[in-house]
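**Student:** Encoded as structure tokens, here's the structure I'll be asking about.
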2 protein chains.
Amino acid sequence: MANTDSLNVRVFSLNCWGIRYLSKHTPQRYAMIGDMLCKEEHDIVFLQEVWSEKDYLSLKKKLACSHPHSHHFKSGVIGSGLAIFSKHRIHETFLYRYSLNGYPYMAQHGDWFGGKAVGMAVLKLGNLTANVYVTHLHAEYCRDKDSYLPHRVVQAWELQQFVRHTSAGADVVILGGDLNMHPQDLGSRLLMSYTALRDSYVESAKFDGCEDGMTLIADNPFIGKKELGPFEKGIRIDYILFKGSSKTDIYCDFMSTTKGSVPDHPFPYSDHEALTAGLRLETQTPTETDSDRQRTSKKRDSAAGKVAELVDIVTEARTEVKVGLHCAERMRYTAARTGVMGLALLFLELAIAAVPWLALGAEQPFPRTSFYLLAALCFAILLTTTLLYLFYTMELKSLQGAEDQMRLAVGSLQEKLRGFPLAQPHNAQRRPPENHEPSTFTPEE
Amino acid sequence: MANTDSLNVRVFSLNCWGIRYLSKHTPQRYAMIGDMLCKEEHDIVFLQEVWSEKDYLSLKKKLACSHPHSHHFKSGVIGSGLAIFSKHRIHETFLYRYSLNGYPYMAQHGDWFGGKAVGMAVLKLGNLTANVYVTHLHAEYCRDKDSYLPHRVVQAWELQQFVRHTSAGADVVILGGDLNMHPQDLGSRLLMSYTALRDSYVESAKFDGCEDGMTLIADNPFIGKKELGPFEKGIRIDYILFKGSSKTDIYCDFMSTTKGSVPDHPFPYSDHEALTAGLRLETQTPTETDSDRQRTSKKRDSAAGKVAELVDIVTEARTEVKVGLHCAERMRYTAARTGVMGLALLFLELAIAAVPWLALGAEQPFPRTSFYLLAALCFAILLTTTLLYLFYTMELKSLQGAEDQMRLAVGSLQEKLRGFPLAQPHNAQRRPPENHEPSTFTPEE
């Protein structure tokens with residue numbers, strides 16, 4: 001008989017909206033967040049948008065008793081904004097920076113400067129090794145015409161790769177963060193299907209929070225109506241995801257979100273709602289190897305039918321990346337053409353200045369002021385287009401890289417499909433349907 | 001009784017020196033490399049510096065029969081240069097781009113443009129899952145005054161993290177590539193000690209090749225004497241490393257390198273020597289779980305005494321990163337100061353032009369030509385220093401991130417040390433000795 005150990009773990013996630021001098025009431029909100037975390041004593045706290053090192057350090061000081069272990073992940077120009085606070089010792093951390101993350105010249109959006117990434121920490125929860133991940137994906141500024149969609153899809157692709165490949169040795173996997181994707185978005189489906197991570201909102205036995213688990217809601221005073229677009233009431237873009245292993249089963253006993261306000265305070269913690277999930281870890285200690293192998297094998301069998309769906313999702317993602325490739329190629333071509341025009345203008349100017357008859361009978365020679373101004377303009381054009389050309393080339397390389405990886409993955413999955421007698425390999429080639437349900441299996445486990 | 005299956009795997013690694021139009025005899029050398037690979041039919045081929053997509057594609061075409069599976073990893077402006085060819089199906093690939101990789105303005109060194117990275121491919125060797133890695137670290141241009149050392153140490157740190165965290169589910173791990181580090185260098189020790197990877201040159205039962213396993217030798221006609229500095233005969237910077245798992249034992253039966261020339265050809269394959277290793281994989285199928293647990297446990301006990309050494313190595317690496325931090329801070333300060341001076345000059349100029357008495361009684365007003373030239377100079381200074389400031393800030397973030405991770409790792413290792421009755425925790429704080437032997441154990445496994 002198996003001897004089952006049970007362990008309860010409370011997990012918290014919040015996008016803190018901590019842009020110094022730009023976000024509203026930042027110091028007061030950090031004070032509120034600190035007080036609440038200190039009181040609530042969650043086991044693991046995932047924070048996003050903790051952009052300032054000072055804010056992180058003041059939180060760390062405040063939470064020294066409740067959460068003695070913490071890590072602030074550094075990346076990009078202003079940091080990744082990601083932080084983990086934990087009651088349990090953090091043994092190791094590792095950071096994966098997404099290869100694509102918007103454009104530096106889109107300074108008003110600022111995502112590029114944030115160096116978006118996924119941070120991993122290895123904890124011990126009792127005897128279990130837990131790999132916990134915190135992440136924040138590129139924001140969606142306009143859903144109808146989302147020029148960042150290929151970047152976000154590639155981020156979701158890299159996120160699932162990172163989680164899957166680094167979690168093989170873990171007993172428990174927990175991921176929290178602001179994915180900036182709705183539950184049915186391509187990136188979400190890609191992440192959930194490939195990693196077999198389960199959504200605590202969907203899985204929770206008990207839920208207390210906003211309708212449909214929304215985390216960006218109209219009732220939050222920091223949210224303008226424009227931001228939500230056609231989703232009048234709000235959207236769900238923050239998540240706590242989890243999965244167990246052959247050794248450990250994991251269940252979500254309860255889940256809650258804040259509802260746009262905090263009792264006894266004039267404003268909420270952030271423009272996002274905070275998430276709390278109560279997870280229960282059940283470990284079967286003695287007869288683990290044999291029984292669990294059987295269980296894993298059963299799981300694999302039941303998963304077989306869904307490999308085709310994963311092929312569809314990856315194919316859909318590949319299409320999106322190809323759109324991005326096309327776009328980046330066009331932008332690079334424009335940069336190159338503008339650069340060549342700048343160079344031609346410079347040569348023309350030099351020629352006019354050097355060879356008087358080229359001035360087409362103008363009475364006075366090339367005016368010096370105009371000459372220097374024009375030359376400066378040409379140099380500015382050349383410099384800017386060179387930098388843009390380099391940037392777009394790097395973007396292209398990353399997109400091509402992701403596309404290559406996806407093609408390879410589809411090939412491998414299709415081969416796997418051929419191994420299942422009941423699966424329908426011909427499905428693999430058709431365009432995916434519009435509405436997928438997220439599936440929770442791991443074809444690679 | 002355990003039933004042992006044996007599998008032989010031949011692995012090849014070569015830095016191809018494939019810079020189009022700059023490297024010597026590139027097309028001829030690629031033809032030679034292709035012919036040789038086609039004939040030799042190694043199981044796994046790791047190539048570095050395959051900078052051109054065209055060269056990769058022509059190799060792929062040539063090796064279609066001998067190595068039907070391949071992947072070219074894309075990164076940076078001109079690619080990562082990394083490629084894998086395999087006789088066995090590649091199921092998945094994943095790329096980790098190093099967070100630090102030299103400076104874009106050091107165009108003559110070019111490393112930054114190469115987007116150095118470590119590429120991973122998941123293969124099936126018989127019933128075994130093999131994670132194979134190909135990498136190329138930042139070059140060392142001047143050993144005495146190596147300004148890239150902190151970057152290379154951080155790359156080695158990230159490489160060991162990536163290999164360790166992604167290989168937990170693998171039965172076999174093989175890493176090949178140009179590490180640009182001597183066997184006793186800090187980065188090599190960090191990599192080998194932390195990952196427990198074993199060096200095929202050291203482990204090989206039979207060796208045929210250059211003295212001391214050197215891979216960059218004076219006898220190679222493409223190598224200038226200057227390049228080798230004080231190491232007259234050559235250096236060893238290319239490696240094939242490997243490790244098994246609780247399920248699989250791995251041995252190196254033979255290892256060979258080329259010796260600066262190729263019979264019947266006027267020049268060698270590359271400026272680096274090519275490496276070939278014959279690995280033997282032994283799998284114990286039935287009683288694997290119990291016996292291997294015992295073995296792992298024994299290994300862990302014997303490893304205990306070496307955790308202190310690992311603490312030393314990580315502490316040494318941390319010191320190096322701190323030197324890099326200091327340097328980057330100074331560079332950023334210089335960029336900021338120069339930027340402020342440019343801005344002050346611009347304001348002064350505008351003031352002189354606007355307020356005539358500031359021209360200090362000069363007879364003619366501010367000459368227009370000088371005015372525009374000076375303004376253009378000021379703008380150029382401002383733009384350059386802004387870009388440099390951003391770049392150094394990102395460098396600082398990455399260095400700080402690595403330093404944070406190292407501090408955490410040292411803390412965790414020291415805690416582990418306290419758990420070993422025979423270990424000497426006081427050793428952990430002292431400065432490491434100059435000459436370490438590489439150790440091969442995994443404290444985290």
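Quick note on naming: the chains in the structure tokens go A, B, ... in the order shown, residues restart at 1 in each chain, and ligands are numbered from 1 in order of appearance.
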Which residues of chain B are close to chain A, meaning at most 7 Å apart when you count only C-alpha atoms, and how do they look as a PyMOL selection string?

**Tutor:** chain B and resi 73-77+79+91-93+165-166+168-169+368-369+372-373+376+390+393-394+397-398+401+405+408-409+412

**Student:** Would you output that residue set with N, CA, C and O atoms, as an mmCIF file, in the first residue's frame?

**Tutor:**
```
data_model
loop_
_atom_site.group_PDB
_atom_site.id
_atom_site.type_symbol
_atom_site.label_atom_id
_atom_site.label_comp_id
_atom_site.auth_asym_id
_atom_site.auth_seq_id
_atom_site.Cartn_x
_atom_site.Cartn_y
_atom_site.Cartn_z
ATOM 1 N N PHE B 73 21.443 26.533 -35.688
ATOM 2 C CA PHE B 73 20.880 27.409 -34.661
ATOM 3 C C PHE B 73 21.050 28.870 -35.050
ATOM 4 O O PHE B 73 22.166 29.300 -35.371
ATOM 5 N N LYS B 74 19.966 29.622 -34.989
ATOM 6 C CA LYS B 74 20.010 31.018 -35.423
ATOM 7 C C LYS B 74 19.972 31.967 -34.235
ATOM 8 O O LYS B 74 19.199 31.771 -33.317
ATOM 9 N N SER B 75 20.812 32.999 -34.324
ATOM 10 C CA SER B 75 20.899 33.942 -33.206
ATOM 11 C C SER B 75 21.721 35.140 -33.649
ATOM 12 O O SER B 75 22.476 35.060 -34.626
ATOM 13 N N GLY B 76 21.595 36.240 -32.939
ATOM 14 C CA GLY B 76 22.422 37.418 -33.217
ATOM 15 C C GLY B 76 22.188 37.988 -34.601
ATOM 16 O O GLY B 76 21.136 37.777 -35.213
ATOM 17 N N VAL B 77 23.187 38.703 -35.119
ATOM 18 C CA VAL B 77 23.051 39.334 -36.428
ATOM 19 C C VAL B 77 23.428 38.349 -37.532
ATOM 20 O O VAL B 77 22.754 38.234 -38.548
ATOM 21 N N GLY B 79 24.008 35.006 -36.965
ATOM 22 C CA GLY B 79 23.748 33.623 -36.559
ATOM 23 C C GLY B 79 24.679 33.205 -35.438
ATOM 24 O O GLY B 79 25.639 33.899 -35.103
ATOM 25 N N HIS B 91 14.621 15.139 -32.266
ATOM 26 C CA HIS B 91 13.210 15.306 -31.921
ATOM 27 C C HIS B 91 12.865 16.744 -31.577
ATOM 28 O O HIS B 91 11.768 17.206 -31.825
ATOM 29 N N GLU B 92 13.815 17.427 -30.992
ATOM 30 C CA GLU B 92 13.545 18.790 -30.561
ATOM 31 C C GLU B 92 14.848 19.552 -30.472
ATOM 32 O O GLU B 92 15.903 18.946 -30.229
ATOM 33 N N THR B 93 14.764 20.858 -30.606
ATOM 34 C CA THR B 93 15.945 21.683 -30.361
ATOM 35 C C THR B 93 15.544 22.870 -29.499
ATOM 36 O O THR B 93 14.373 23.253 -29.445
ATOM 37 N N HIS B 165 20.208 22.069 -15.774
ATOM 38 C CA HIS B 165 18.753 22.126 -15.599
ATOM 39 C C HIS B 165 17.981 21.437 -16.712
ATOM 40 O O HIS B 165 16.862 21.000 -16.498
ATOM 41 N N THR B 166 18.551 21.381 -17.920
ATOM 42 C CA THR B 166 17.791 20.773 -19.009
ATOM 43 C C THR B 166 18.075 19.284 -19.185
ATOM 44 O O THR B 166 17.418 18.630 -19.974
ATOM 45 N N ALA B 168 18.115 16.860 -16.757
ATOM 46 C CA ALA B 168 17.661 15.974 -15.683
ATOM 47 C C ALA B 168 16.912 14.754 -16.222
ATOM 48 O O ALA B 168 16.988 13.678 -15.647
ATOM 49 N N GLY B 169 16.218 14.926 -17.333
ATOM 50 C CA GLY B 169 15.439 13.811 -17.859
ATOM 51 C C GLY B 169 16.189 12.974 -18.882
ATOM 52 O O GLY B 169 15.633 12.013 -19.413
ATOM 53 N N ARG B 368 28.206 80.590 -39.366
ATOM 54 C CA ARG B 368 27.153 79.586 -39.536
ATOM 55 C C ARG B 368 27.706 78.177 -39.715
ATOM 56 O O ARG B 368 27.214 77.223 -39.138
ATOM 57 N N THR B 369 28.727 78.080 -40.551
ATOM 58 C CA THR B 369 29.294 76.758 -40.826
ATOM 59 C C THR B 369 29.778 76.098 -39.544
ATOM 60 O O THR B 369 29.439 74.948 -39.242
ATOM 61 N N TYR B 372 26.848 74.949 -37.330
ATOM 62 C CA TYR B 372 26.185 73.696 -37.699
ATOM 63 C C TYR B 372 27.096 72.487 -37.491
ATOM 64 O O TYR B 372 26.644 71.425 -37.067
ATOM 65 N N LEU B 373 28.381 72.682 -37.802
ATOM 66 C CA LEU B 373 29.316 71.564 -37.596
ATOM 67 C C LEU B 373 29.382 71.176 -36.128
ATOM 68 O O LEU B 373 29.347 69.993 -35.765
ATOM 69 N N ALA B 376 26.232 69.465 -35.029
ATOM 70 C CA ALA B 376 26.196 68.075 -35.497
ATOM 71 C C ALA B 376 27.080 67.198 -34.613
ATOM 72 O O ALA B 376 26.708 66.077 -34.249
ATOM 73 N N LEU B 390 22.918 52.850 -22.582
ATOM 74 C CA LEU B 390 21.927 51.766 -22.586
ATOM 75 C C LEU B 390 22.624 50.406 -22.602
ATOM 76 O O LEU B 390 22.277 49.498 -21.845
ATOM 77 N N THR B 393 24.253 49.603 -19.343
ATOM 78 C CA THR B 393 23.254 49.303 -18.322
ATOM 79 C C THR B 393 22.798 47.851 -18.451
ATOM 80 O O THR B 393 22.664 47.135 -17.455
ATOM 81 N N MET B 394 22.600 47.414 -19.707
ATOM 82 C CA MET B 394 22.199 46.021 -19.912
ATOM 83 C C MET B 394 23.306 45.069 -19.471
ATOM 84 O O MET B 394 23.043 44.022 -18.875
ATOM 85 N N LYS B 397 23.216 44.847 -15.739
ATOM 86 C CA LYS B 397 22.090 44.016 -15.269
ATOM 87 C C LYS B 397 22.452 42.531 -15.370
ATOM 88 O O LYS B 397 22.186 41.754 -14.458
ATOM 89 N N SER B 398 23.062 42.151 -16.507
ATOM 90 C CA SER B 398 23.404 40.740 -16.696
ATOM 91 C C SER B 398 24.472 40.298 -15.706
ATOM 92 O O SER B 398 24.396 39.201 -15.138
ATOM 93 N N GLY B 401 22.953 40.081 -12.341
ATOM 94 C CA GLY B 401 22.109 38.881 -12.287
ATOM 95 C C GLY B 401 22.940 37.637 -12.029
ATOM 96 O O GLY B 401 22.606 36.821 -11.166
ATOM 97 N N GLN B 405 22.967 35.158 -8.725
ATOM 98 C CA GLN B 405 22.764 33.708 -8.819
ATOM 99 C C GLN B 405 23.923 32.958 -8.173
ATOM 100 O O GLN B 405 23.726 31.948 -7.492
ATOM 101 N N LEU B 408 23.681 33.152 -4.359
ATOM 102 C CA LEU B 408 22.660 32.211 -3.914
ATOM 103 C C LEU B 408 23.190 30.780 -3.930
ATOM 104 O O LEU B 408 22.978 30.011 -2.991
ATOM 105 N N ALA B 409 23.910 30.450 -5.024
ATOM 106 C CA ALA B 409 24.429 29.086 -5.176
ATOM 107 C C ALA B 409 25.457 28.795 -4.085
ATOM 108 O O ALA B 409 25.453 27.707 -3.489
ATOM 109 N N SER B 412 23.712 28.112 -0.871
ATOM 110 C CA SER B 412 23.076 26.802 -0.872
ATOM 111 C C SER B 412 24.111 25.687 -0.712
ATOM 112 O O SER B 412 23.887 24.711 0.011
#
```

**Student:** May I have the residues within 10 Å of Thr338 of chain B as a PyMOL selection string, using only C-alpha atoms and disregarding those fewer than 3 positions away in the same chain?

**Tutor:** chain B and resi 332-335+341-344+381-382+384-386

**Student:** Can you write just those residues out, C-alpha atoms, as a PDB file, in the first residue's frame?

**Tutor:**
```
ATOM      1  CA  ARG B 332      28.886  53.559 -18.053  1.00  0.00           C
ATOM      2  CA  TYR B 333      30.033  56.476 -15.929  1.00  0.00           C
ATOM      3  CA  THR B 334      32.417  57.575 -18.690  1.00  0.00           C
ATOM      4  CA  ALA B 335      29.601  57.379 -21.252  1.00  0.00           C
ATOM      5  CA  MET B 341      29.710  67.274 -21.704  1.00  0.00           C
ATOM      6  CA  GLY B 342      28.181  67.025 -25.187  1.00  0.00           C
ATOM      7  CA  LEU B 343      24.945  68.466 -23.854  1.00  0.00           C
ATOM      8  CA  ALA B 344      26.771  71.298 -22.083  1.00  0.00           C
ATOM      9  CA  ILE B 381      28.157  62.673 -29.072  1.00  0.00           C
ATOM     10  CA  LEU B 382      24.738  62.634 -27.434  1.00  0.00           C
ATOM     11  CA  THR B 384      26.554  57.642 -29.216  1.00  0.00           C
ATOM     12  CA  THR B 385      26.775  58.115 -25.473  1.00  0.00           C
ATOM     13  CA  THR B 386      23.055  57.387 -25.052  1.00  0.00           C
TER      14      THR B 386
END
```

**Student:** So which residues touch Gly260 of chain A within 9 Å, counting only C-alpha atoms, skipping near sequence neighbours fewer than 3 positions away, as a ChimeraX atom specification?

**Tutor:** /A:210,215-222,267-273

**Student:** Kindly save the residues from that selection, with N, CA and C atoms included, as a JSON list (two decimals), in the first residue's frame.

**Tutor:**
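Output file again_11.json is given in full below:
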```json
[["chain", "number", "residue", "atom", "x", "y", "z"],
["A", 210, "CYS", "N", -13.29, 37.52, -9.18],
["A", 210, "CYS", "CA", -14.01, 38.17, -10.27],
["A", 210, "CYS", "C", -14.63, 37.13, -11.19],
["A", 215, "THR", "N", -8.64, 39.19, -14.35],
["A", 215, "THR", "CA", -7.59, 39.81, -13.54],
["A", 215, "THR", "C", -7.30, 41.24, -13.96],
["A", 216, "LEU", "N", -7.94, 41.69, -15.04],
["A", 216, "LEU", "CA", -7.84, 43.08, -15.47],
["A", 216, "LEU", "C", -9.29, 43.50, -15.66],
["A", 217, "ILE", "N", -9.82, 44.25, -14.67],
["A", 217, "ILE", "CA", -11.29, 44.44, -14.68],
["A", 217, "ILE", "C", -11.68, 45.91, -14.73],
["A", 218, "ALA", "N", -12.87, 46.14, -15.25],
["A", 218, "ALA", "CA", -13.38, 47.51, -15.40],
["A", 218, "ALA", "C", -13.61, 48.15, -14.04],
["A", 219, "ASP", "N", -13.87, 47.34, -13.02],
["A", 219, "ASP", "CA", -14.15, 47.90, -11.69],
["A", 219, "ASP", "C", -12.91, 48.41, -10.99],
["A", 220, "ASN", "N", -11.73, 48.10, -11.54],
["A", 220, "ASN", "CA", -10.49, 48.59, -10.93],
["A", 220, "ASN", "C", -10.31, 50.06, -11.31],
["A", 221, "PRO", "N", -10.17, 50.93, -10.29],
["A", 221, "PRO", "CA", -10.12, 52.37, -10.60],
["A", 221, "PRO", "C", -8.91, 52.78, -11.46],
["A", 222, "PHE", "N", -7.88, 51.95, -11.53],
["A", 222, "PHE", "CA", -6.70, 52.30, -12.33],
["A", 222, "PHE", "C", -6.88, 51.92, -13.81],
["A", 267, "PHE", "N", -7.50, 52.65, -2.61],
["A", 267, "PHE", "CA", -7.30, 52.10, -3.97],
["A", 267, "PHE", "C", -6.76, 50.68, -3.87],
["A", 268, "PRO", "N", -6.82, 49.91, -4.97],
["A", 268, "PRO", "CA", -6.37, 48.52, -4.92],
["A", 268, "PRO", "C", -4.84, 48.40, -4.96],
["A", 269, "TYR", "N", -4.36, 47.18, -4.88],
["A", 269, "TYR", "CA", -2.91, 46.93, -4.86],
["A", 269, "TYR", "C", -2.24, 47.34, -6.17],
["A", 270, "SER", "N", -2.98, 47.19, -7.27],
["A", 270, "SER", "CA", -2.37, 47.39, -8.58],
["A", 270, "SER", "C", -3.48, 47.58, -9.61],
["A", 271, "ASP", "N", -3.07, 47.79, -10.86],
["A", 271, "ASP", "CA", -4.11, 47.82, -11.91],
["A", 271, "ASP", "C", -4.53, 46.40, -12.29],
["A", 272, "HIS", "N", -3.72, 45.41, -11.95],
["A", 272, "HIS", "CA", -4.11, 44.01, -12.11],
["A", 272, "HIS", "C", -4.68, 43.50, -10.78],
["A", 273, "GLU", "N", -5.49, 42.46, -10.86],
["A", 273, "GLU", "CA", -5.96, 41.82, -9.63],
["A", 273, "GLU", "C", -4.92, 40.80, -9.16]]
```

**Student:** Find the residues around segment 17-29 of chain A up to 7 Å (only C-alpha atoms counted), leave out those fewer than 2 positions away in its own chain, and share them as number ranges by chain.

**Tutor:** A: 15, 31-33, 49-51, 269-271

**Student:** Take the residues that were just selected and, keeping N, CA and C atoms, output them as a PDB file, in the first residue's frame.

**Tutor:**
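The result, written out as part_37.pdb:
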```pdb
ATOM      1  N   ASN A  15       0.859  41.363 -10.650  1.00  0.00           N
ATOM      2  CA  ASN A  15       1.586  42.342 -11.453  1.00  0.00           C
ATOM      3  C   ASN A  15       1.488  43.649 -10.685  1.00  0.00           C
ATOM      4  N   ALA A  31       3.486  49.708  -0.072  1.00  0.00           N
ATOM      5  CA  ALA A  31       3.332  49.551   1.382  1.00  0.00           C
ATOM      6  C   ALA A  31       2.170  48.608   1.672  1.00  0.00           C
ATOM      7  N   MET A  32       1.066  48.796   0.922  1.00  0.00           N
ATOM      8  CA  MET A  32      -0.108  47.918   1.104  1.00  0.00           C
ATOM      9  C   MET A  32       0.237  46.466   0.759  1.00  0.00           C
ATOM     10  N   ILE A  33       0.953  46.296  -0.374  1.00  0.00           N
ATOM     11  CA  ILE A  33       1.326  44.934  -0.819  1.00  0.00           C
ATOM     12  C   ILE A  33       2.204  44.272   0.237  1.00  0.00           C
ATOM     13  N   GLU A  49       6.565  43.248 -12.686  1.00  0.00           N
ATOM     14  CA  GLU A  49       6.674  44.710 -12.777  1.00  0.00           C
ATOM     15  C   GLU A  49       7.219  45.353 -11.500  1.00  0.00           C
ATOM     16  N   VAL A  50       8.088  44.646 -10.800  1.00  0.00           N
ATOM     17  CA  VAL A  50       8.850  45.292  -9.721  1.00  0.00           C
ATOM     18  C   VAL A  50      10.080  45.867 -10.427  1.00  0.00           C
ATOM     19  N   TRP A  51       9.875  46.985 -11.119  1.00  0.00           N
ATOM     20  CA  TRP A  51      10.934  47.513 -11.981  1.00  0.00           C
ATOM     21  C   TRP A  51      12.094  48.100 -11.205  1.00  0.00           C
ATOM     22  N   TYR A 269      -4.359  47.176  -4.877  1.00  0.00           N
ATOM     23  CA  TYR A 269      -2.912  46.933  -4.857  1.00  0.00           C
ATOM     24  C   TYR A 269      -2.239  47.335  -6.170  1.00  0.00           C
ATOM     25  N   SER A 270      -2.979  47.185  -7.265  1.00  0.00           N
ATOM     26  CA  SER A 270      -2.367  47.393  -8.579  1.00  0.00           C
ATOM     27  C   SER A 270      -3.477  47.579  -9.609  1.00  0.00           C
ATOM     28  N   ASP A 271      -3.072  47.790 -10.862  1.00  0.00           N
ATOM     29  CA  ASP A 271      -4.108  47.816 -11.912  1.00  0.00           C
ATOM     30  C   ASP A 271      -4.533  46.395 -12.290  1.00  0.00           C
TER      31      ASP A 271
END
```

**Student:** Grab the atom CA of Leu37 of chain A to atom CA of Asp5 of chain A distance for me, in Å with one decimal place.

**Tutor:**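 Those two atoms sit 27.2 Å apart.
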
**Student:** Could you pull out the strand (DSSP E) residues of segment 65-95 of chain A from DSSP and send them as a list in words?

**Tutor:**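 The residues of segment 65-95 of chain A classed as strand (DSSP E) are His69, Ser70, His71, His72, Ala83, Ile84, Phe85, Ser86, Ile90, His91, Glu92, Thr93, Phe94 and Leu95 of chain A.
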
**Student:** Measuring between only C-alpha atoms, which one of A:Asp146, A:Asp111, A:Asp171, A:Asp253 shows the shortest distance to Asn131 of chain A?

**Tutor:**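 Checking each candidate against Asn131 of chain A, we get A:Asp171 as the closest.
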
**Student:** Taking the DSSP assignment computed from this structure's backbone, write out as a ChimeraX atom specification all residues of segment 73-282 of chain B that belong to alpha helix (DSSP H).

**Tutor:** /B:111-114,149-166,186-195,200-203,225-228

**Student:** One decimal, Å: what's the distance from atom CA of Leu241 of chain A over to atom CA of Tyr133 of chain A, could you say?

**Tutor:**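 One can read the atom CA of Leu241 of chain A to atom CA of Tyr133 of chain A distance as 9.5 Å.
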
**Student:** Fewer than 4 positions away in the same chain doesn't count, so skip those; otherwise give me all residues within 6 Å of Gln48 of chain B, counting only C-alpha atoms, as an NGL selection string.

**Tutor:** :B and (15-16 or 81-82)

**Student:** By how many Å are atom CA of Tyr148 of chain A and atom CA of Leu100 of chain A apart?

**Tutor:** 9.6 Å

**Student:** Show me, as a list in words, the residues that have an atom within 12 Å of Met36 of chain A when counting only C-alpha atoms, minus same-chain residues fewer than 6 positions from it.

**Tutor:**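 Within the cut-off, the hits are Phe12, Arg29, Tyr30, His42, Val45, Leu59, Lys62, Leu63, Ser66, Val262, Pro263, His265, Pro268, Tyr269 and Ala274 of chain A.
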